[in-house]
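Asks: Just target_18.cif, nothing more (mmCIF, C-alpha atoms):
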```cif
data_coords
loop_
_atom_site.label_atom_id
_atom_site.label_comp_id
_atom_site.auth_asym_id
_atom_site.auth_seq_id
_atom_site.Cartn_x
_atom_site.Cartn_y
_atom_site.Cartn_z
CA MET A 1 98.26 73.15 64.03
CA ASN A 2 98.31 74.25 60.44
CA ASN A 3 95.48 76.44 59.18
CA THR A 4 94.12 76.70 62.64
CA SER A 5 91.77 79.52 61.73
CA ASN A 6 88.66 77.42 61.22
CA LYS A 7 89.54 74.37 63.24
CA CYS A 8 88.34 73.71 66.72
CA PRO A 9 91.09 73.37 69.34
CA ILE A 10 91.19 70.40 71.67
CA ALA A 11 92.91 70.42 75.03
CA ILE A 12 93.67 67.11 76.66
CA ILE A 13 93.92 66.95 80.42
CA THR A 14 95.62 63.95 81.84
CA GLY A 15 97.31 62.96 85.08
CA CYS A 16 97.31 60.26 87.72
CA LEU A 17 94.28 59.34 89.72
CA GLY A 18 93.76 61.98 92.39
CA SER A 19 96.23 64.42 90.93
CA GLY A 20 93.64 67.14 90.55
CA LYS A 21 92.54 66.97 86.92
CA THR A 22 88.89 67.47 87.71
CA THR A 23 89.49 70.09 90.37
CA ILE A 24 91.39 72.22 87.91
CA LEU A 25 88.95 71.57 85.12
CA SER A 26 85.89 72.40 87.19
CA LYS A 27 87.53 75.62 88.26
CA ILE A 28 88.39 76.63 84.74
CA LEU A 29 84.96 75.72 83.42
CA LYS A 30 83.34 78.23 85.72
CA GLU A 31 84.89 81.02 83.72
CA LYS A 32 82.59 82.88 81.43
CA GLU A 33 84.62 82.44 78.31
CA MET A 34 84.49 78.70 78.70
CA ASP A 35 80.73 78.46 78.24
CA ARG A 36 81.07 77.35 74.65
CA THR A 37 83.39 74.53 75.56
CA ALA A 38 82.38 70.93 75.14
CA VAL A 39 83.85 68.60 77.74
CA ILE A 40 84.43 64.94 77.13
CA VAL A 41 85.08 63.07 80.32
CA ASN A 42 86.58 59.67 80.07
CA GLU A 43 85.93 57.74 83.22
CA PHE A 44 87.56 54.59 84.31
CA GLY A 45 84.92 52.07 85.33
CA LYS A 46 81.21 52.38 85.02
CA VAL A 47 80.44 54.99 87.62
CA GLY A 48 81.25 58.45 86.42
CA LEU A 49 81.95 60.06 89.76
CA ASP A 50 83.92 62.92 88.37
CA HIS A 51 81.14 63.58 85.96
CA HIS A 52 78.84 64.71 88.73
CA LEU A 53 81.35 67.23 89.85
CA LEU A 54 81.29 68.92 86.48
CA ARG A 55 77.84 70.26 87.00
CA LYS A 56 78.17 73.49 85.10
CA VAL A 57 78.73 71.71 81.86
CA ASP A 58 76.26 68.93 82.29
CA GLU A 59 74.61 69.31 78.93
CA LYS A 60 77.75 69.19 76.91
CA THR A 61 79.57 66.63 78.95
CA VAL A 62 79.85 63.38 77.12
CA LEU A 63 80.75 60.40 79.19
CA ILE A 64 82.52 57.73 77.23
CA SER A 65 81.26 54.43 78.46
CA GLY A 66 83.24 51.26 78.91
CA GLY A 67 86.51 52.40 80.38
CA CYS A 68 89.53 54.15 79.16
CA ILE A 69 90.14 55.53 75.70
CA CYS A 70 93.27 53.71 74.78
CA CYS A 71 92.53 50.30 76.20
CA SER A 72 89.05 50.03 74.76
CA THR A 73 88.66 51.54 71.33
CA ARG A 74 89.52 54.94 70.12
CA GLU A 75 86.39 54.69 68.03
CA ASP A 76 84.48 55.90 71.07
CA LEU A 77 86.25 59.19 71.00
CA GLU A 78 86.01 59.31 67.26
CA LYS A 79 82.28 58.81 67.52
CA GLU A 80 81.89 61.41 70.25
CA LEU A 81 83.75 64.03 68.29
CA THR A 82 81.93 63.21 65.07
CA ASP A 83 78.67 63.37 66.93
CA LEU A 84 79.64 66.70 68.40
CA LEU A 85 80.49 67.97 64.94
CA ASN A 86 77.16 66.77 63.54
CA LYS A 87 75.16 68.40 66.30
CA LYS A 88 77.14 71.59 66.01
CA GLN A 89 76.64 71.85 62.28
CA SER A 90 72.98 70.95 62.34
CA GLY A 91 72.43 73.54 65.04
CA LYS A 92 71.17 71.13 67.68
CA ILE A 93 73.60 72.46 70.24
CA PRO A 94 74.86 76.00 70.61
CA GLU A 95 78.11 76.90 68.94
CA VAL A 96 81.04 74.98 70.39
CA ASN A 97 84.41 76.57 69.88
CA ARG A 98 86.61 74.43 72.09
CA VAL A 99 86.79 70.89 73.33
CA VAL A 100 88.35 69.61 76.51
CA ILE A 101 89.04 65.92 76.90
CA GLU A 102 89.71 64.69 80.39
CA THR A 103 91.35 61.30 80.35
CA THR A 104 91.52 58.68 83.04
CA GLY A 105 94.46 58.52 85.37
CA LEU A 106 95.94 55.62 83.46
CA ALA A 107 95.30 56.84 79.96
CA ASP A 108 97.96 57.26 77.36
CA PRO A 109 97.29 60.53 75.51
CA ALA A 110 99.07 59.38 72.35
CA PRO A 111 96.09 57.45 70.94
CA ILE A 112 93.94 60.56 71.31
CA VAL A 113 96.41 62.62 69.35
CA PHE A 114 96.57 59.85 66.81
CA THR A 115 92.79 59.71 66.48
CA VAL A 116 92.43 63.43 65.95
CA LEU A 117 95.32 63.73 63.51
CA THR A 118 94.48 60.74 61.35
CA ASN A 119 90.72 60.45 61.25
CA PRO A 120 89.76 61.66 57.77
CA LEU A 121 86.86 63.71 59.08
CA LEU A 122 88.14 64.88 62.44
CA LYS A 123 91.51 66.08 61.23
CA HIS A 124 89.86 68.79 59.16
CA HIS A 125 87.78 70.07 62.03
CA PHE A 126 89.89 69.65 65.13
CA TYR A 127 93.48 70.04 66.19
CA ILE A 128 95.28 69.32 69.43
CA GLU A 129 96.16 72.60 71.07
CA ASN A 130 97.72 71.41 74.30
CA ILE A 131 98.26 68.31 76.35
CA ILE A 132 98.20 69.22 80.00
CA THR A 133 99.29 66.84 82.73
CA THR A 134 98.52 67.41 86.36
CA ILE A 135 100.86 66.04 88.96
CA ASP A 136 100.45 65.92 92.68
CA ALA A 137 103.27 67.65 94.58
CA VAL A 138 103.04 65.19 97.46
CA ASN A 139 102.75 61.87 95.65
CA GLY A 140 104.09 62.90 92.26
CA LEU A 141 107.53 61.38 92.65
CA LEU A 142 106.02 58.15 93.88
CA HIS A 143 103.70 58.01 90.88
CA LEU A 144 106.60 58.58 88.54
CA GLU A 145 108.52 55.74 90.12
CA LYS A 146 105.71 53.24 90.24
CA GLN A 147 103.68 53.97 87.14
CA ASN A 148 104.94 53.89 83.62
CA GLU A 149 101.72 55.60 82.56
CA ALA A 150 102.64 58.63 84.63
CA ILE A 151 105.97 58.91 82.86
CA LYS A 152 104.31 58.58 79.49
CA GLN A 153 101.89 61.34 80.39
CA ILE A 154 104.69 63.64 81.47
CA THR A 155 106.77 63.03 78.36
CA VAL A 156 103.96 63.80 75.94
CA SER A 157 102.61 66.84 77.72
CA ASP A 158 103.05 70.44 76.65
CA LYS A 159 102.24 71.82 80.06
CA ILE A 160 102.58 70.27 83.48
CA ILE A 161 100.57 71.61 86.38
CA ILE A 162 101.85 70.83 89.87
CA THR A 163 98.91 70.59 92.22
CA LYS A 164 98.39 70.30 95.98
CA LEU A 165 101.13 72.76 96.72
CA ASP A 166 99.35 73.79 99.92
CA ILE A 167 99.95 70.44 101.57
CA SER A 168 103.46 69.84 100.32
CA ASN A 169 106.80 71.14 101.48
CA PRO A 170 109.12 73.17 99.25
CA LYS A 171 111.75 70.44 99.19
CA GLN A 172 109.32 67.94 97.68
CA VAL A 173 108.29 70.47 95.05
CA LYS A 174 111.88 71.20 94.17
CA GLN A 175 112.71 67.51 93.76
CA LEU A 176 109.61 66.95 91.69
CA LYS A 177 110.39 69.89 89.44
CA GLU A 178 113.89 68.62 88.81
CA LYS A 179 112.55 65.22 87.93
CA LEU A 180 109.91 66.68 85.61
CA TYR A 181 112.43 68.87 83.92
CA ALA A 182 114.70 65.88 83.42
CA LEU A 183 111.89 63.84 81.90
CA ASN A 184 110.54 66.53 79.65
CA PRO A 185 112.64 69.64 79.15
CA SER A 186 110.29 70.93 76.48
CA SER A 187 107.32 71.26 78.76
CA GLU A 188 106.14 74.30 80.64
CA ILE A 189 105.84 73.63 84.36
CA ILE A 190 103.13 75.56 86.15
CA GLU A 191 102.68 75.61 89.90
CA SER A 192 99.02 75.74 90.63
CA ARG A 193 98.07 78.68 92.86
CA ILE A 194 94.71 80.19 93.58
CA ASN A 195 94.93 82.81 90.89
CA ASN A 196 96.98 81.41 88.10
CA ILE A 197 94.73 78.60 86.97
CA ASN A 198 92.52 79.92 84.21
CA SER A 199 91.36 79.09 80.75
CA SER A 200 94.48 80.48 79.15
CA ILE A 201 96.34 77.49 80.55
CA LEU A 202 94.24 75.21 78.41
CA PHE A 203 94.00 77.26 75.29
CA ARG A 204 96.86 79.65 75.13
CA SER A 205 98.89 79.34 72.01
CA GLU A 206 102.04 77.84 73.35
CA ILE A 207 104.30 79.18 70.65
CA LYS A 208 104.33 82.55 72.33
CA ASP A 209 105.84 80.88 75.32
CA SER A 210 108.59 79.14 73.53
CA SER A 211 111.09 81.70 74.73
CA TYR A 212 110.43 80.12 78.07
CA TYR A 213 111.41 76.75 76.81
CA ILE A 214 114.37 77.99 74.85
CA ASN A 215 115.74 79.73 77.89
CA LYS A 216 115.46 76.56 79.84
CA VAL A 217 117.61 74.69 77.39
CA LYS A 218 120.66 76.70 78.21
CA SER A 219 123.45 74.38 77.39
CA ASN A 220 123.28 73.03 73.90
CA ILE A 221 123.36 69.50 74.97
CA GLU A 222 121.88 68.01 77.97
CA VAL A 223 121.70 64.35 78.50
CA ASP A 224 119.69 63.07 81.32
CA ASN A 225 119.98 59.58 82.47
CA ASN A 226 117.08 58.11 84.26
CA SER A 227 118.41 54.64 84.77
CA ASP A 228 115.30 52.96 86.18
CA GLN A 229 113.05 53.39 83.22
CA ASN A 230 115.63 53.97 80.49
CA ILE A 231 114.06 57.29 79.66
CA TYR A 232 116.45 59.83 78.25
CA SER A 233 115.97 63.37 77.21
CA LEU A 234 118.25 65.22 74.90
CA ALA A 235 118.23 68.86 73.95
CA LEU A 236 120.13 69.90 70.86
CA SER A 237 120.80 73.04 68.98
CA PHE A 238 122.09 73.62 65.49
CA ASP A 239 124.41 76.38 64.42
CA SER A 240 123.01 77.09 60.96
CA PRO A 241 119.76 76.61 59.04
CA ILE A 242 118.71 73.02 58.42
CA ASP A 243 117.55 71.69 55.09
CA TRP A 244 113.95 70.86 55.92
CA THR A 245 113.66 68.21 53.21
CA ALA A 246 116.79 66.48 54.46
CA PHE A 247 115.62 66.70 58.04
CA GLY A 248 112.27 65.21 57.00
CA LEU A 249 114.09 62.26 55.46
CA TRP A 250 116.26 61.75 58.53
CA LEU A 251 113.41 62.06 61.02
CA SER A 252 111.00 59.89 59.06
CA MET A 253 113.70 57.24 58.86
CA LEU A 254 114.35 57.48 62.58
CA LEU A 255 110.66 57.22 63.35
CA TYR A 256 110.32 54.28 61.00
CA SER A 257 112.96 52.28 62.82
CA HIS A 258 112.62 53.62 66.37
CA GLY A 259 109.25 55.40 66.42
CA GLU A 260 107.87 53.59 69.43
CA ASN A 261 110.87 54.53 71.50
CA ILE A 262 110.96 58.16 70.49
CA LEU A 263 108.44 59.35 73.01
CA ARG A 264 108.63 62.96 72.04
CA VAL A 265 110.18 65.29 69.50
CA LYS A 266 109.67 68.96 69.96
CA GLY A 267 111.42 72.02 68.75
CA LEU A 268 111.80 75.08 66.63
CA ILE A 269 113.71 74.60 63.42
CA ASP A 270 115.48 77.26 61.42
CA VAL A 271 115.05 76.40 57.75
CA GLY A 272 116.70 79.52 56.42
CA GLN A 273 113.51 81.53 56.21
CA ARG A 274 112.29 84.39 58.31
CA GLY A 275 110.48 82.34 60.90
CA PRO A 276 111.05 78.87 62.28
CA ILE A 277 109.10 75.68 61.79
CA VAL A 278 107.41 74.31 64.87
CA LEU A 279 107.99 70.59 65.12
CA ASN A 280 105.92 68.57 67.54
CA GLY A 281 105.65 64.83 67.59
CA VAL A 282 104.58 62.00 69.85
CA GLN A 283 106.00 58.61 68.88
CA HIS A 284 105.06 57.92 65.25
CA ILE A 285 102.69 60.83 65.13
CA ILE A 286 104.00 64.19 63.98
CA HIS A 287 101.67 67.17 64.13
CA PRO A 288 101.41 69.06 60.84
CA PRO A 289 104.46 71.34 61.05
CA GLN A 290 103.59 74.98 61.47
CA HIS A 291 105.59 77.75 59.91
CA LEU A 292 105.88 80.85 62.05
CA ASN A 293 106.34 84.30 60.59
CA ASN A 294 108.78 85.36 63.24
CA TRP A 295 111.00 83.89 65.91
CA PRO A 296 109.61 84.23 69.41
CA THR A 297 112.91 85.62 70.72
CA ASN A 298 116.16 86.93 69.33
CA ASP A 299 117.73 83.53 69.58
CA THR A 300 117.28 82.12 66.10
CA ARG A 301 119.11 78.85 66.46
CA SER A 302 117.24 75.61 65.88
CA HIS A 303 116.37 73.75 69.05
CA ILE A 304 115.14 70.21 69.22
CA VAL A 305 114.28 68.18 72.26
CA PHE A 306 114.12 64.40 71.99
CA ILE A 307 112.68 62.25 74.73
CA MET A 308 113.29 58.59 74.20
CA LYS A 309 113.11 55.22 75.79
CA SER A 310 115.93 52.67 75.38
CA VAL A 311 117.58 54.72 72.66
CA VAL A 312 120.88 56.14 73.85
CA PRO A 313 121.16 59.92 73.36
CA GLU A 314 124.74 59.60 72.15
CA ASP A 315 123.48 57.52 69.22
CA ILE A 316 121.11 60.25 68.10
CA LEU A 317 123.81 62.83 68.49
CA ASN A 318 126.30 60.73 66.59
CA SER A 319 123.79 60.12 63.84
CA LEU A 320 123.09 63.83 63.48
CA LYS A 321 126.82 64.48 63.36
CA CYS A 322 127.34 61.96 60.57
CA PHE A 323 124.37 63.43 58.73
CA SER A 324 125.53 67.00 59.28
CA ASN A 325 126.63 67.52 55.69
CA PHE A 326 123.42 65.99 54.54
CA LEU A 327 121.34 68.25 56.76
CA GLY A 328 123.42 71.28 55.96
CA SER A 329 123.99 72.07 59.60
CA GLU A 330 126.21 70.96 62.44
CA VAL A 331 124.91 69.90 65.79
CA SER A 332 126.88 72.04 68.14
CA ILE A 333 128.10 70.69 71.44
CA MET A 334 129.08 72.96 74.21
CA GLU A 335 128.75 70.66 77.10
CA LEU A 336 127.79 67.10 77.68
CA TYR A 337 126.80 66.07 81.10
CA SER A 338 124.54 63.59 82.71
CA ARG A 339 122.54 63.78 85.82
CA THR A 340 121.23 60.82 87.71
CA MET B 1 92.42 61.28 45.04
CA CYS B 2 95.03 60.58 42.45
CA VAL B 3 93.40 61.36 39.09
CA LEU B 4 95.65 58.97 37.19
CA CYS B 5 95.26 55.78 39.14
CA SER B 6 92.16 56.70 41.19
CA GLU B 7 93.97 55.84 44.37
CA PHE B 8 92.44 57.49 47.38
CA VAL B 9 95.17 59.34 49.20
CA MET B 10 93.73 60.20 52.57
CA ASP B 11 96.71 61.32 54.56
CA VAL B 12 99.08 64.13 53.84
CA HIS B 13 102.38 63.11 55.35
CA TRP B 14 103.78 65.69 57.76
CA SER B 15 106.82 66.22 55.57
CA ASP B 16 104.57 67.22 52.66
CA PHE B 17 102.97 70.21 54.32
CA GLN B 18 103.75 73.35 52.39
CA ILE B 19 106.47 75.19 54.17
CA GLY B 20 106.95 78.84 53.51
CA TYR B 21 103.47 79.87 52.49
CA SER B 22 102.07 81.09 55.74
CA ASP B 23 99.01 82.61 54.14
CA ASN B 24 97.58 79.77 52.12
CA SER B 25 93.94 80.50 52.76
CA THR B 26 93.23 80.86 49.06
CA VAL B 27 94.63 78.14 46.90
CA VAL B 28 94.85 78.76 43.19
CA VAL B 29 95.01 75.66 41.05
CA GLY B 30 98.50 75.25 39.70
CA ASP B 31 99.95 77.69 42.21
CA HIS B 32 103.45 76.98 43.47
CA GLN B 33 103.76 74.03 41.11
CA ARG B 34 107.25 74.98 40.18
CA ASP B 35 108.30 75.03 43.85
CA ARG B 36 106.58 71.75 44.44
CA ARG B 37 108.38 70.06 41.58
CA ARG B 38 111.65 71.58 42.67
CA ASN B 39 111.13 70.26 46.21
CA ARG B 40 110.36 66.79 44.92
CA ILE B 41 113.49 66.72 42.80
CA HIS B 42 115.52 67.99 45.74
CA ARG B 43 114.04 65.33 47.99
CA THR B 44 114.71 62.59 45.45
CA SER B 45 118.34 63.54 45.06
CA LEU B 46 118.81 63.75 48.84
CA ALA B 47 117.07 60.44 49.43
CA ASN B 48 119.27 58.79 46.83
CA LYS B 49 122.33 59.72 48.84
CA ILE B 50 121.02 57.54 51.67
CA LEU B 51 119.44 54.90 49.46
CA LEU B 52 122.65 54.25 47.58
CA TYR B 53 123.80 52.46 50.70
CA TYR B 54 120.92 50.03 50.29
CA GLY B 55 121.47 49.70 46.55
CA ILE B 56 118.18 51.37 45.75
CA LYS B 57 117.25 54.35 43.64
CA LEU B 58 114.33 56.72 44.01
CA GLU B 59 112.76 58.55 41.08
CA ASP B 60 110.08 61.15 40.90
CA TRP B 61 107.26 60.03 38.65
CA ASN B 62 105.39 62.91 36.98
CA GLY B 63 105.32 64.85 40.20
CA SER B 64 102.72 62.56 41.69
CA LYS B 65 104.46 59.37 42.84
CA TYR B 66 107.90 58.14 43.62
CA ILE B 67 109.31 54.99 42.13
CA LEU B 68 111.84 52.90 44.05
CA ARG B 69 114.00 50.54 42.03
CA ASP B 70 116.62 48.10 43.13
CA LYS B 71 119.39 46.74 40.94
CA LYS B 72 117.48 43.59 40.13
CA GLY B 73 114.72 45.65 38.61
CA GLN B 74 112.21 45.26 41.40
CA ILE B 75 109.91 48.23 41.70
CA GLU B 76 107.88 49.75 44.51
CA ILE B 77 105.64 52.79 44.16
CA VAL B 78 105.48 55.13 47.12
CA ASN B 79 103.47 58.25 47.84
CA ASP B 80 105.47 59.91 50.56
CA LEU B 81 108.12 59.48 53.22
CA GLY B 82 105.61 57.63 55.36
CA SER B 83 105.65 54.67 52.99
CA LEU B 84 109.16 55.11 51.60
CA TRP B 85 111.06 53.37 54.38
CA SER B 86 108.82 50.33 54.55
CA ALA B 87 109.22 49.95 50.78
CA VAL B 88 112.99 50.18 51.24
CA THR B 89 112.78 47.37 53.80
CA LYS B 90 110.79 45.31 51.35
CA LEU B 91 113.33 45.69 48.57
CA SER B 92 116.56 45.54 50.54
CA HIS B 93 115.48 43.25 53.40
CA LYS B 94 117.14 45.67 55.78
CA VAL B 95 115.50 48.10 58.17
CA PRO B 96 116.72 51.60 57.33
CA ASP B 97 118.01 52.93 60.61
CA PRO B 98 119.75 56.29 60.99
CA LEU B 99 121.47 54.97 64.12
CA ASP B 100 123.04 52.04 62.27
CA PRO B 101 126.85 52.44 62.62
CA ASP B 102 127.51 51.08 59.13
CA LEU B 103 125.15 53.55 57.51
CA LEU B 104 126.64 56.36 59.56
CA ASN B 105 130.11 55.33 58.55
CA TYR B 106 129.00 55.34 54.93
CA MET B 107 127.30 58.73 55.27
CA SER B 108 130.31 60.42 56.85
CA LYS B 109 132.64 58.98 54.24
CA SER B 110 130.55 59.70 51.19
CA TRP B 111 130.38 63.43 51.93
#
```
Before we go any further, please render this structure as structure tokens.
Replies:
Amino acid sequence: MNNTSNKCPIAIITGCLGSGKTTILSKILKEKEMDRTAVIVNEFGKVGLDHHLLRKVDEKTVLISGGCICCSTREDLEKELTDLLNKKQSGKIPEVNRVVIETTGLADPAPIVFTVLTNPLLKHHFYIENIITTIDAVNGLLHLEKQNEAIKQITVSDKIIITKLDISNPKQVKQLKEKLYALNPSSEIIESRINNINSSILFRSEIKDSSYYINKVKSNIEVDNNSDQNIYSLALSFDSPIDWTAFGLWLSMLLYSHGENILRVKGLIDVGQRGPIVLNGVQHIIHPPQHLNNWPTNDTRSHIVFIMKSVVPEDILNSLKCFSNFLGSEVSIMELYSRT
Amino acid sequence: MCVLCSEFVMDVHWSDFQIGYSDNSTVVVGDHQRDRRRNRIHRTSLANKILLYYGIKLEDWNGSKYILRDKKGQIEIVNDLGSLWSAVTKLSHKVPDPLDPDLLNYMSKSW
């Protein structure tokens, strides 16, 4: 997300089978401002059913053959994006200013992020703007219980869209929202209505919304215990500016030893300058940190959300406490509670 | 590309992104070198506070590489924090882990 001025944003849409990815996408793609958007659909199996629904974008739709991105090779996506870049620069296709990747219901978005951030060519031309996960209000809870993929998708997403609200009851939605919030406190939860689904959901700079996420993390510490899958989320705040170099050492060390289990790191970090640093990471992959000129709200404390698997939140907290002199800032605890 | 050893450095580690220069659209050769060197020295001294626990020392080498040395004189050359910790494992035969109670005990005592 650094130097975004001449890079092409990519939005990734993911979600369980039948959760409404394509419905939302086809609706958004009808908008006029989306006509310069390339869509890469990633179908599970050989028959690209969803592909035929995306009629408006037929020419630019690239169907990746041979199954899902992460379980076949990421080279497919690499090739598609490189190909897109070639065609764009040689003028064979009209100017493309955005890319949408729709994954399969079982896909893990992390390999896509990895591909875009590490490919020597792609990383200079593309960046991941948002990962959006759709979840079905009726079957969402069931999916989260039965499918580990669904949990992975929720934890890595920046925005979660709850779909099928018309056929669900408010109680279900409330339960689902609580669960989603517990799994990923850093994500923005959007309830899909007739009017609020538009292109800004895919490509709105999310930093402007971070007041939303900061407000949600009201207590400084929130530990959520989801005993079935050992997924924990932890929201922390720091009372004074953090030494960025020291934090880099600590975090890189943590990711070296526990990277696979740190599903998500997200936050705004006060490094003693005017604006914060936006930190965003999925497992071993950390997006290039972006330095903002100003804080989105008046609250200028550092906030970090960790989502992890099999790593106990107290350990992270304890580690940050022991490193507090090293980091130059104390983790402040106001309240520690767990919800099951 | 490293001009001295012609090593092809493809990835910029996330911790090496320039922080604090929001408008870096024009890059002048040699710009911010003083800050860069200062940051590297700062990082080395901070890292050494952790690495002392593993009996290892980190040095900045001409502002382009880092050199890790253990007390037996073994040497590893690292480019950034991405390769630092695996080199530490190689030299100390321990996995550096910020959640390790012994390390934490050491860190809280040494400060």
Asks: Under the PyMOL selection byres ((chain A) within 10 of (chain B)), which residues of this model are included? Write them out as a PyMOL selection string.
Replies: chain A and resi 2-3+5+117-120+123+244-258+271+273-277+279+284-293+311-312+314-327
Asks: Residues within 8 Å of Val99 of chain A, please, as a PDB file with C-alpha atoms, in the coordinates of the input. Count only C-alpha atoms; anything in the same chain fewer than 6 positions from it doesn't count.
Replies:
```pdb
ATOM      1  CA  CYS A   8      88.340  73.710  66.720  1.00  0.00           C
ATOM      2  CA  PRO A   9      91.090  73.370  69.340  1.00  0.00           C
ATOM      3  CA  ILE A  10      91.190  70.400  71.670  1.00  0.00           C
ATOM      4  CA  ALA A  11      92.910  70.420  75.030  1.00  0.00           C
ATOM      5  CA  THR A  37      83.390  74.530  75.560  1.00  0.00           C
ATOM      6  CA  ALA A  38      82.380  70.930  75.140  1.00  0.00           C
ATOM      7  CA  VAL A  39      83.850  68.600  77.740  1.00  0.00           C
ATOM      8  CA  ILE A  40      84.430  64.940  77.130  1.00  0.00           C
TER       9      ILE A  40
END
```
Asks: Expressed in Å to a single decimal, how great is the separation between atom CA of Pro241 of chain A and atom CA of Lys159 of chain A?
Replies: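 So the answer is 27.8 Å.
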Asks: Would you translate the PyMOL selection byres ((chain B and resi 60) around 12) into the concrete set of residues it matches in this file, as a list of chain:residue names?
Replies: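 Applying the PyMOL selection byres ((chain B and resi 60) around 12) to the structure shown produces B:Arg36, B:Arg37, B:Arg38, B:Asn39, B:Arg40, B:Ile41, B:His42, B:Arg43, B:Thr44, B:Ser45, B:Ala47, B:Asn48, B:Lys57, B:Leu58, B:Glu59, B:Trp61, B:Asn62, B:Gly63, B:Ser64, B:Lys65, B:Tyr66, B:Ile67, B:Leu68, B:Arg69, B:Ile77, B:Val78, B:Asn79, B:Asp80.
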Asks: Can you write just those residues out, C-alpha atoms, as a PDB file, in the coordinates of the input?
Replies:
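Result file follows (part_1.pdb):
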```pdb
ATOM      1  CA  ARG B  36     106.580  71.750  44.440  1.00  0.00           C
ATOM      2  CA  ARG B  37     108.380  70.060  41.580  1.00  0.00           C
ATOM      3  CA  ARG B  38     111.650  71.580  42.670  1.00  0.00           C
ATOM      4  CA  ASN B  39     111.130  70.260  46.210  1.00  0.00           C
ATOM      5  CA  ARG B  40     110.360  66.790  44.920  1.00  0.00           C
ATOM      6  CA  ILE B  41     113.490  66.720  42.800  1.00  0.00           C
ATOM      7  CA  HIS B  42     115.520  67.990  45.740  1.00  0.00           C
ATOM      8  CA  ARG B  43     114.040  65.330  47.990  1.00  0.00           C
ATOM      9  CA  THR B  44     114.710  62.590  45.450  1.00  0.00           C
ATOM     10  CA  SER B  45     118.340  63.540  45.060  1.00  0.00           C
ATOM     11  CA  ALA B  47     117.070  60.440  49.430  1.00  0.00           C
ATOM     12  CA  ASN B  48     119.270  58.790  46.830  1.00  0.00           C
ATOM     13  CA  LYS B  57     117.250  54.350  43.640  1.00  0.00           C
ATOM     14  CA  LEU B  58     114.330  56.720  44.010  1.00  0.00           C
ATOM     15  CA  GLU B  59     112.760  58.550  41.080  1.00  0.00           C
ATOM     16  CA  TRP B  61     107.260  60.030  38.650  1.00  0.00           C
ATOM     17  CA  ASN B  62     105.390  62.910  36.980  1.00  0.00           C
ATOM     18  CA  GLY B  63     105.320  64.850  40.200  1.00  0.00           C
ATOM     19  CA  SER B  64     102.720  62.560  41.690  1.00  0.00           C
ATOM     20  CA  LYS B  65     104.460  59.370  42.840  1.00  0.00           C
ATOM     21  CA  TYR B  66     107.900  58.140  43.620  1.00  0.00           C
ATOM     22  CA  ILE B  67     109.310  54.990  42.130  1.00  0.00           C
ATOM     23  CA  LEU B  68     111.840  52.900  44.050  1.00  0.00           C
ATOM     24  CA  ARG B  69     114.000  50.540  42.030  1.00  0.00           C
ATOM     25  CA  ILE B  77     105.640  52.790  44.160  1.00  0.00           C
ATOM     26  CA  VAL B  78     105.480  55.130  47.120  1.00  0.00           C
ATOM     27  CA  ASN B  79     103.470  58.250  47.840  1.00  0.00           C
ATOM     28  CA  ASP B  80     105.470  59.910  50.560  1.00  0.00           C
TER      29      ASP B  80
END
```
Asks: Taking all listed atoms of segment 268-282 of chain A, build the axis-aligned box, pad each of the six sides by 8 Å, then write its centre and edge lengths in Å to one decimal as JSON.
Replies:
```
{"center_x": 110.6, "center_y": 73.2, "center_z": 63.0, "size_x": 28.1, "size_y": 38.4, "size_z": 29.6}
```
Asks: Quick one: distance from atom CA of Ile24 of chain A to atom CA of Glu191 of chain A in Å, one decimal?
Replies: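 Computing the Euclidean distance for atom CA of Ile24 of chain A and atom CA of Glu191 of chain A yields 12.0 Å.
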Asks: Using all atoms listed in the file, what residues lie at most 7 Å away from (117.8, 48.0, 46.9) (file coordinates), given as an MDAnalysis selection string?
Replies: chainID B and resid 54:56 69:71 88 91:92
Asks: Identify all residues satisfying the PyMOL selection byres ((chain A and resi 98) around 12) in the given file; provide them as a ChimeraX atom specification.
Replies: /A:6-12,29,33-40,60,81,84-85,88,94-97,99-101,125-130,199,202-204
Asks: Could you tell me which of B:Asp102, B:Ile75, B:Val29, B:Leu52 comes closest to Ala87 of chain B if we count all atoms listed in the file?
Replies: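 Residue with the minimum atom-to-atom distance to Ala87 of chain B: B:Ile75.
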Asks: Atom CA of Tyr53 of chain B and atom CA of Lys90 of chain B are how many Å apart?
Replies: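 Computing it gives 14.9 Å between the two atoms.
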Asks: Write out as a PyMOL selection string the residues lying within 8 Å of Phe306 of chain A, counting only C-alpha atoms and excluding same-chain residues fewer than 3 positions away.
Replies: chain A and resi 233-235+262-266
